[in-house]
file final-v2.txt (compact mmCIF, C-alpha atoms)
# COMPACT_ATOMS: atom_id res chain seq x y z
CA MET A 1 -10.66 18.65 -2.28
CA ALA A 2 -6.94 18.01 -2.57
CA SER A 3 -4.50 20.34 -4.31
CA ALA A 4 -3.31 19.47 -7.81
CA LEU A 5 0.21 19.37 -6.33
CA ASP A 6 -0.67 16.61 -3.86
CA GLU A 7 0.66 13.17 -4.77
CA ILE A 8 -0.60 9.62 -4.32
CA PHE A 9 1.68 6.80 -3.21
CA LEU A 10 1.15 3.06 -2.91
CA LEU A 11 2.54 0.79 -0.17
CA LEU A 12 2.53 -3.01 -0.26
CA GLU A 13 4.59 -6.03 0.66
CA ASN A 14 6.63 -7.89 -1.96
CA PRO A 15 7.99 -10.97 -0.17
CA LYS A 16 9.45 -12.67 -3.26
CA LYS A 17 10.77 -11.71 -6.69
CA SER A 18 8.31 -14.01 -8.49
CA ASN A 19 5.33 -12.19 -6.96
CA ASN A 20 3.13 -11.00 -9.84
CA LEU A 21 2.13 -7.38 -9.25
CA GLY A 22 1.47 -6.49 -12.90
CA PRO A 23 -2.29 -5.77 -12.57
CA ILE A 24 -1.66 -3.66 -9.45
CA LEU A 25 1.05 -1.60 -11.18
CA ARG A 26 -1.24 -1.12 -14.18
CA CYS A 27 -3.98 0.24 -11.91
CA ALA A 28 -1.43 2.51 -10.22
CA ALA A 29 -0.30 3.95 -13.57
CA ALA A 30 -3.90 4.42 -14.71
CA PHE A 31 -4.73 6.65 -11.76
CA GLY A 32 -1.56 8.74 -11.83
CA ILE A 33 0.45 7.05 -9.07
CA ARG A 34 4.10 7.65 -9.86
CA THR A 35 5.75 6.03 -6.84
CA VAL A 36 5.10 2.55 -5.44
CA VAL A 37 6.87 1.52 -2.22
CA PHE A 38 7.66 -2.17 -1.77
CA VAL A 39 8.48 -3.83 1.53
CA GLY A 40 10.79 -6.64 0.53
CA TYR A 41 12.20 -7.17 -2.94
CA SER A 42 12.43 -4.44 -5.57
CA LYS A 43 11.80 -6.86 -8.44
CA CYS A 44 8.53 -8.61 -9.20
CA ALA A 45 6.71 -10.27 -12.07
CA THR A 46 4.73 -7.76 -14.14
CA ASP A 47 2.47 -10.05 -16.18
CA GLY A 48 -0.72 -8.19 -17.00
CA SER A 49 0.73 -4.70 -16.64
CA HIS A 50 0.81 -4.28 -20.46
CA GLY A 51 3.87 -2.05 -20.21
CA ALA A 52 2.43 0.22 -17.52
CA ALA A 53 4.99 -1.04 -14.97
CA LYS A 54 7.70 0.86 -16.87
CA HIS A 55 6.01 4.13 -15.99
CA VAL A 56 5.86 3.63 -12.22
CA ASN A 57 8.87 4.30 -9.99
CA ILE A 58 9.51 1.55 -7.43
CA VAL A 59 11.30 2.16 -4.13
CA ASP A 60 12.00 -0.80 -1.86
CA PHE A 61 12.82 -1.18 1.84
CA PRO A 62 13.58 -4.26 3.92
CA THR A 63 11.13 -3.36 6.71
CA ILE A 64 7.72 -1.73 7.03
CA ASP A 65 9.05 0.79 9.57
CA GLN A 66 11.65 2.06 7.09
CA ALA A 67 9.08 2.28 4.31
CA VAL A 68 6.65 4.23 6.50
CA ALA A 69 9.42 6.59 7.67
CA PHE A 70 10.26 7.27 4.02
CA LEU A 71 6.61 8.01 3.20
CA ARG A 72 5.98 10.27 6.18
CA GLU A 73 9.31 12.09 6.44
CA THR A 74 10.61 12.22 2.87
CA CYS A 75 7.42 12.06 0.82
CA LYS A 76 5.47 14.14 3.37
CA CYS A 77 2.42 11.85 3.34
CA GLN A 78 -0.28 13.28 5.58
CA SER A 79 -2.20 10.02 5.81
CA ILE A 80 -1.81 6.30 5.12
CA VAL A 81 -5.13 4.72 4.17
CA GLY A 82 -5.47 0.96 4.45
CA MET A 83 -7.59 -0.87 1.87
CA LEU A 84 -9.49 -3.73 3.50
CA GLY A 85 -11.01 -5.09 0.30
CA GLY A 86 -14.65 -5.85 -0.43
CA SER A 87 -17.25 -6.94 2.09
CA PRO A 88 -20.86 -8.12 1.73
CA ILE A 89 -23.40 -5.54 2.94
CA ALA A 90 -21.02 -3.25 4.84
CA TYR A 91 -22.63 0.11 4.10
CA GLN A 92 -22.81 1.38 7.70
CA SER A 93 -22.29 5.14 7.72
CA GLU A 94 -20.87 4.92 11.27
CA GLY A 95 -18.14 2.63 9.97
CA CYS A 96 -17.23 -0.99 10.65
CA ILE A 97 -15.09 -2.28 13.50
CA VAL A 98 -11.64 -3.41 12.38
CA ARG A 99 -10.36 -6.61 13.99
CA GLU A 100 -7.08 -8.49 13.86
CA ASP A 101 -6.73 -12.25 13.59
CA GLU A 102 -3.35 -13.32 14.95
CA GLU A 103 -3.79 -16.83 13.61
CA SER A 104 -4.07 -15.70 9.99
CA ASN A 105 -2.00 -12.50 10.53
CA ILE A 106 -4.76 -10.54 8.80
CA VAL A 107 -6.64 -7.39 9.79
CA SER A 108 -10.15 -7.09 8.34
CA ILE A 109 -13.53 -5.59 9.11
CA GLN A 110 -15.79 -7.29 11.60
CA GLU A 111 -19.05 -8.59 10.20
CA GLY A 112 -22.28 -7.25 11.64
CA LYS A 113 -23.31 -3.88 13.00
CA VAL A 114 -21.02 -1.74 15.14
CA ASN A 115 -23.10 -2.26 18.30
CA GLU A 116 -23.41 -6.04 17.94
CA HIS A 117 -21.28 -7.87 20.53
CA THR A 118 -21.13 -11.62 20.97
CA ASN A 119 -22.20 -12.84 24.43
CA ASP A 120 -22.53 -9.23 25.62
CA GLN A 121 -18.74 -8.79 25.49
CA ILE A 122 -17.37 -5.33 24.83
CA VAL A 123 -15.28 -5.09 21.68
CA THR A 124 -12.09 -3.08 22.22
CA GLU A 125 -11.45 -0.94 19.15
CA VAL A 126 -7.68 -0.95 18.68
CA TYR A 127 -7.84 0.27 15.09
CA PRO A 128 -9.73 3.18 13.53
CA ARG A 129 -13.03 2.09 12.01
CA SER A 130 -13.25 1.29 8.33
CA TYR A 131 -15.66 3.34 6.23
CA PRO A 132 -17.38 2.41 2.97
CA ILE A 133 -15.49 3.97 0.10
CA ASP A 134 -18.47 6.07 -1.00
CA ALA A 135 -18.06 8.02 2.28
CA ARG A 136 -14.69 9.26 0.91
CA PRO A 137 -13.03 9.91 4.32
CA PHE A 138 -9.97 11.59 2.80
CA GLN A 139 -7.94 14.64 3.79
CA ASN A 140 -5.76 17.17 2.01
CA GLY A 141 -2.06 16.56 1.47
CA ASN A 142 0.00 13.73 0.02
CA CYS A 143 -1.73 10.40 0.57
CA CYS A 144 -0.52 6.81 0.58
CA PHE A 145 -2.76 3.78 0.10
CA ALA A 146 -1.66 0.51 1.72
CA LEU A 147 -2.91 -2.76 0.26
CA SER A 148 -2.16 -6.46 0.11
CA LYS A 149 -2.58 -9.18 -2.49
CA ASP A 150 -4.62 -10.96 0.18
CA TRP A 151 -8.00 -9.52 -0.76
CA LYS A 152 -9.49 -10.35 2.65
CA GLY A 153 -7.53 -7.64 4.48
CA LEU A 154 -4.07 -6.35 5.42
CA PRO A 155 -1.14 -7.97 7.22
CA ILE A 156 -1.11 -6.93 10.89
CA LEU A 157 2.19 -5.00 10.77
CA LEU A 158 1.05 -3.07 7.71
CA ALA A 159 -2.37 -2.31 9.21
CA ARG A 160 -0.81 -0.90 12.38
CA CYS A 161 0.81 1.84 10.28
CA CYS A 162 -2.50 3.05 8.84
CA ASP A 163 -4.30 6.20 9.97
CA LYS A 164 -7.67 5.12 8.58
CA PHE A 165 -9.30 2.31 6.62
CA VAL A 166 -11.74 1.98 3.74
CA HIS A 167 -13.59 -0.98 2.24
CA ILE A 168 -15.87 -1.66 -0.71
CA PRO A 169 -19.40 -2.82 0.16
CA HIS A 170 -21.02 -5.15 -2.37
CA SER A 171 -24.01 -7.44 -2.78
CA ASN A 172 -24.37 -10.38 -0.43
CA ILE A 173 -24.17 -13.61 -2.44
CA ASP A 174 -23.79 -16.49 0.03
CA GLN A 175 -21.45 -14.33 2.14
CA GLN A 176 -18.84 -14.49 -0.61
CA TYR A 177 -16.05 -11.94 -1.04
CA LEU A 178 -16.37 -11.17 -4.74
CA LEU A 179 -13.70 -8.54 -5.45
CA ASP A 180 -9.99 -9.21 -5.92
CA THR A 181 -7.24 -6.74 -5.00
CA PRO A 182 -6.89 -4.94 -8.38
CA SER A 183 -10.68 -4.48 -8.56
CA CYS A 184 -10.83 -3.05 -5.03
CA MET A 185 -7.84 -0.83 -5.71
CA SER A 186 -9.40 0.58 -8.88
CA ILE A 187 -12.66 1.40 -7.10
CA VAL A 188 -10.84 3.11 -4.21
CA LEU A 189 -8.58 5.14 -6.51
CA HIS A 190 -11.55 6.13 -8.67
CA HIS A 191 -13.25 7.61 -5.62
CA PHE A 192 -10.08 9.32 -4.40
CA THR A 193 -9.11 10.85 -7.75
CA SER A 194 -12.69 11.97 -8.32
CA TRP A 195 -12.75 13.59 -4.86
CA ALA A 196 -9.35 15.19 -5.45
CA GLY A 197 -10.16 16.39 -8.96
CA TYR A 198 -7.40 14.42 -10.71
CA ASN A 199 -7.54 13.41 -14.35
CA GLU A 200 -7.20 9.78 -15.41
CA ARG A 201 -4.37 9.02 -17.81
CA ASP A 202 -5.47 9.28 -21.46
CA TYR A 203 -5.85 6.04 -23.40
CA THR A 204 -6.71 4.81 -26.87
CA GLY A 205 -8.69 1.59 -27.12
CA HIS A 206 -7.33 -0.61 -24.33
CA LYS A 207 -3.89 1.04 -24.21
CA PHE A 208 -2.81 4.01 -22.11
CA GLU A 209 -1.09 6.80 -24.02
CA VAL A 210 2.43 6.72 -22.62
CA GLN A 211 5.87 6.93 -24.21
CA GLN A 212 7.13 3.46 -25.01
CA GLY A 213 9.78 2.22 -22.61
CA VAL A 214 10.48 5.59 -21.00
CA LYS A 215 10.42 6.14 -17.24
CA LEU A 216 8.49 9.10 -15.93
CA ALA A 217 10.71 12.16 -15.59
CA LEU A 218 11.57 12.92 -11.97
CA ARG A 219 11.69 16.35 -10.45
CA ASP A 220 14.95 17.34 -8.78
CA ASP A 221 13.58 16.79 -5.31
CA GLN A 222 12.27 13.35 -6.28
CA GLU A 223 15.67 12.37 -7.69
CA LYS A 224 17.24 13.25 -4.33
CA THR A 225 14.48 11.31 -2.55
CA PHE A 226 15.13 8.13 -4.50
CA ALA A 227 18.90 8.54 -4.13
CA ARG A 228 18.51 8.68 -0.34
CA ALA A 229 16.21 5.67 -0.39
CA GLU A 230 18.69 3.68 -2.46
CA LYS A 231 21.54 4.63 -0.12
CA ARG A 232 19.48 3.56 2.89
CA ARG A 233 18.71 0.23 1.22
CA GLU A 234 22.40 -0.34 0.42
CA ASN A 235 23.39 0.38 4.03
CA CYS A 236 20.86 -2.17 5.28
CA GLN A 237 22.18 -4.72 2.79
CA GLU A 238 25.75 -4.11 3.95
CA GLU A 239 24.74 -4.73 7.56
CA GLU A 240 23.04 -7.99 6.55
CA ASP A 241 26.15 -9.07 4.60
CA VAL A 242 28.35 -8.37 7.62
CA ALA A 243 26.14 -10.53 9.82
CA ALA A 244 25.96 -13.30 7.23
CA ASN A 245 29.74 -13.41 6.73
CA GLY A 246 30.56 -13.41 10.44
CA LEU A 247 32.53 -10.14 10.32
CA TYR A 248 31.23 -8.58 13.51
CA GLY A 249 34.61 -9.29 15.09
CA VAL A 250 36.29 -7.04 12.51
CA VAL A 251 33.70 -4.33 13.00
CA PHE A 252 34.28 -4.28 16.75
CA GLY A 253 38.08 -4.52 16.55
CA ASN A 254 38.65 -8.27 16.93
CA THR A 255 41.56 -8.91 14.54
CA ASP A 256 41.63 -12.66 15.34
CA VAL A 257 38.67 -13.32 13.05
CA ASP A 258 39.64 -15.38 10.00
CA TYR A 259 38.24 -14.41 6.61

call {"tool": "encode", "arguments": {"input": "final-v2.txt", "output": "structure tokens"}}
result
Amino acid sequence: MASALDEIFLLLENPKKSNNLGPILRCAAAFGIRTVVFVGYSKCATDGSHGAAKHVNIVDFPTIDQAVAFLRETCKCQSIVGMLGGSPIAYQSEGCIVREDEESNIVSIQEGKVNEHTNDQIVTEVYPRSYPIDARPFQNGNCCFALSKDWKGLPILLARCCDKFVHIPHSNIDQQYLLDTPSCMSIVLHHFTSWAGYNERDYTGHKFEVQQGVKLALRDDQEKTFARAEKRRENCQEEEDVAANGLYGVVFGNTDVDY
């Protein structure tokens, strides 16, 4: 069981400002996640969050490597757990093989039993196996969950940063994937917070009990963390602006460059 001081983080891609992540942010707030790390833009549409988005701190980075470095080095995350969504009849206690499809750029679990190989070919397991969420393969320490709006799996670059994977087995109805990302996320976080002994945020009716329009108070160390993240983001933006404006000649001492 995790310590009450351990924190949960969320990692996902946000490739455009119009991306609607409201339901995901609402789920994050419901299960006590205070920090969500975006790869891409810091802004997103929040339709469906019902105000919960105001109570989640968002940190953004231009690349996955920078986001993961922030989570591991600054936030001290001991593990990054990839959510691979729902899958029909995937209850194997020994776990499911995780495969990558370069054509779709998606990593997902392989259908069938672990020891089933097509045409007697040996399957090379590049990724850790994915376990059904009821197995609760968690460990102590700060934990980050990586997910994607693509409910069939994770983008390859994001999956390669994960230490382990979980999925949600469900009934087999014509081999259909029946659970969307917010549903899968809620099930995974329910299992994790139950395992860790966390309390769900209080609510009245269909509304969570939070102060209207007030950001969560940050501890001193968190304020420094977000300040460093913002500075790192600004530095990356400055480098991109230099490249876009053709100022590399000035940077490297070429005074013949016209502005």

call {"tool": "closest_residue", "arguments": {"input": "final-v2.txt", "among": "A:Ser171, A:Thr204, A:Asn140, A:Ser148", "to": "A:Met185", "atoms": "only C-alpha atoms"}}
result
A:Ser148

call {"tool": "atom_distance", "arguments": {"input": "final-v2.txt", "atom1": "atom CA of A:Asp150", "atom2": "atom CA of A:Ile24"}}
result
12.4 Å

call {"tool": "residues_around", "arguments": {"input": "final-v2.txt", "residues": "A:His167", "least_positions_apart": "2", "cutoff": "9 Å", "atoms": "all atoms listed in the file", "output": "PDB file with C-alpha atoms, in the frame of the given file"}}
result
ATOM      1  CA  GLY A  82      -5.470   0.960   4.450  1.00  0.00           C
ATOM      2  CA  MET A  83      -7.590  -0.870   1.870  1.00  0.00           C
ATOM      3  CA  LEU A  84      -9.490  -3.730   3.500  1.00  0.00           C
ATOM      4  CA  GLY A  85     -11.010  -5.090   0.300  1.00  0.00           C
ATOM      5  CA  GLY A  86     -14.650  -5.850  -0.430  1.00  0.00           C
ATOM      6  CA  SER A  87     -17.250  -6.940   2.090  1.00  0.00           C
ATOM      7  CA  ALA A  90     -21.020  -3.250   4.840  1.00  0.00           C
ATOM      8  CA  ILE A 109     -13.530  -5.590   9.110  1.00  0.00           C
ATOM      9  CA  SER A 130     -13.250   1.290   8.330  1.00  0.00           C
ATOM     10  CA  TYR A 131     -15.660   3.340   6.230  1.00  0.00           C
ATOM     11  CA  PRO A 132     -17.380   2.410   2.970  1.00  0.00           C
ATOM     12  CA  ILE A 133     -15.490   3.970   0.100  1.00  0.00           C
ATOM     13  CA  PHE A 165      -9.300   2.310   6.620  1.00  0.00           C
ATOM     14  CA  PRO A 169     -19.400  -2.820   0.160  1.00  0.00           C
ATOM     15  CA  CYS A 184     -10.830  -3.050  -5.030  1.00  0.00           C
ATOM     16  CA  VAL A 188     -10.840   3.110  -4.210  1.00  0.00           C
TER      17      VAL A 188
END

call {"tool": "atom_distance", "arguments": {"input": "final-v2.txt", "atom1": "atom CA of A:Leu179", "atom2": "atom CA of A:Trp151"}}
result
7.4 Å

call {"tool": "closest_residue", "arguments": {"input": "final-v2.txt", "among": "A:Gly95, A:Pro182, A:Gly32, A:Gly197", "to": "A:Leu147", "atoms": "only C-alpha atoms"}}
result
A:Pro182

call {"tool": "closest_residue", "arguments": {"input": "final-v2.txt", "among": "A:Gln92, A:Asn20, A:Asn14, A:Ser108", "to": "A:Val59", "atoms": "all atoms listed in the file"}}
result
A:Asn14

call {"tool": "residues_around", "arguments": {"input": "final-v2.txt", "residues": "A:Thr35", "least_positions_apart": "6", "cutoff": "7 Å", "atoms": "all atoms listed in the file", "output": "MDAnalysis selection string"}}
result
chainID A and resid 9:10 56:58

call {"tool": "residues_near_point", "arguments": {"input": "final-v2.txt", "point": "(13.2, -6.4, -0.6)", "cutoff": "7 Å", "atoms": "only C-alpha atoms", "output": "list in words"}}
result
Asn14, Pro15, Val39, Gly40, Tyr41, Ser42, Asp60, Phe61 and Pro62 of chain A

call {"tool": "residues_around", "arguments": {"input": "final-v2.txt", "residues": "A:His190", "least_positions_apart": "4", "cutoff": "8 Å", "atoms": "only C-alpha atoms", "output": "list of chain:residue names"}}
result
A:Phe31, A:Ser186, A:Ser194

call {"tool": "atom_distance", "arguments": {"input": "final-v2.txt", "atom1": "atom CA of A:Tyr91", "atom2": "atom CA of A:Glu13"}}
result
28.1 Å

call {"tool": "closest_atom_pairs", "arguments": {"input": "final-v2.txt", "of": "stretch 57-114 of chain A", "to": "stretch 154-161 of chain A", "cutoff": "12 Å", "atoms": "only C-alpha atoms", "output": "tab-separated table"}}
result
residue	atom	partner	partner_atom	distance
A:Thr63	CA	A:Leu157	CA	10.0
A:Ile64	CA	A:Leu158	CA	6.8
A:Asp65	CA	A:Cys161	CA	8.3
A:Gln66	CA	A:Cys161	CA	11.3
A:Ala67	CA	A:Cys161	CA	10.2
A:Val68	CA	A:Cys161	CA	7.4
A:Ala69	CA	A:Cys161	CA	10.2
A:Leu71	CA	A:Cys161	CA	11.0
A:Arg72	CA	A:Cys161	CA	10.7
A:Ser79	CA	A:Cys161	CA	9.8
A:Ile80	CA	A:Cys161	CA	7.3
A:Val81	CA	A:Cys161	CA	9.0
A:Gly82	CA	A:Ala159	CA	6.6
A:Met83	CA	A:Leu154	CA	7.4
A:Leu84	CA	A:Leu154	CA	6.3
A:Gly85	CA	A:Leu154	CA	8.7
A:Val98	CA	A:Ala159	CA	9.9
A:Arg99	CA	A:Ile156	CA	9.8
A:Glu100	CA	A:Ile156	CA	6.8
A:Asp101	CA	A:Ile156	CA	8.2
A:Glu102	CA	A:Ile156	CA	7.9
A:Glu103	CA	A:Ile156	CA	10.6
A:Ser104	CA	A:Pro155	CA	8.7
A:Asn105	CA	A:Ile156	CA	5.7
A:Ile106	CA	A:Pro155	CA	4.7
A:Val107	CA	A:Leu154	CA	5.2
A:Ser108	CA	A:Leu154	CA	6.8
A:Ile109	CA	A:Leu154	CA	10.2
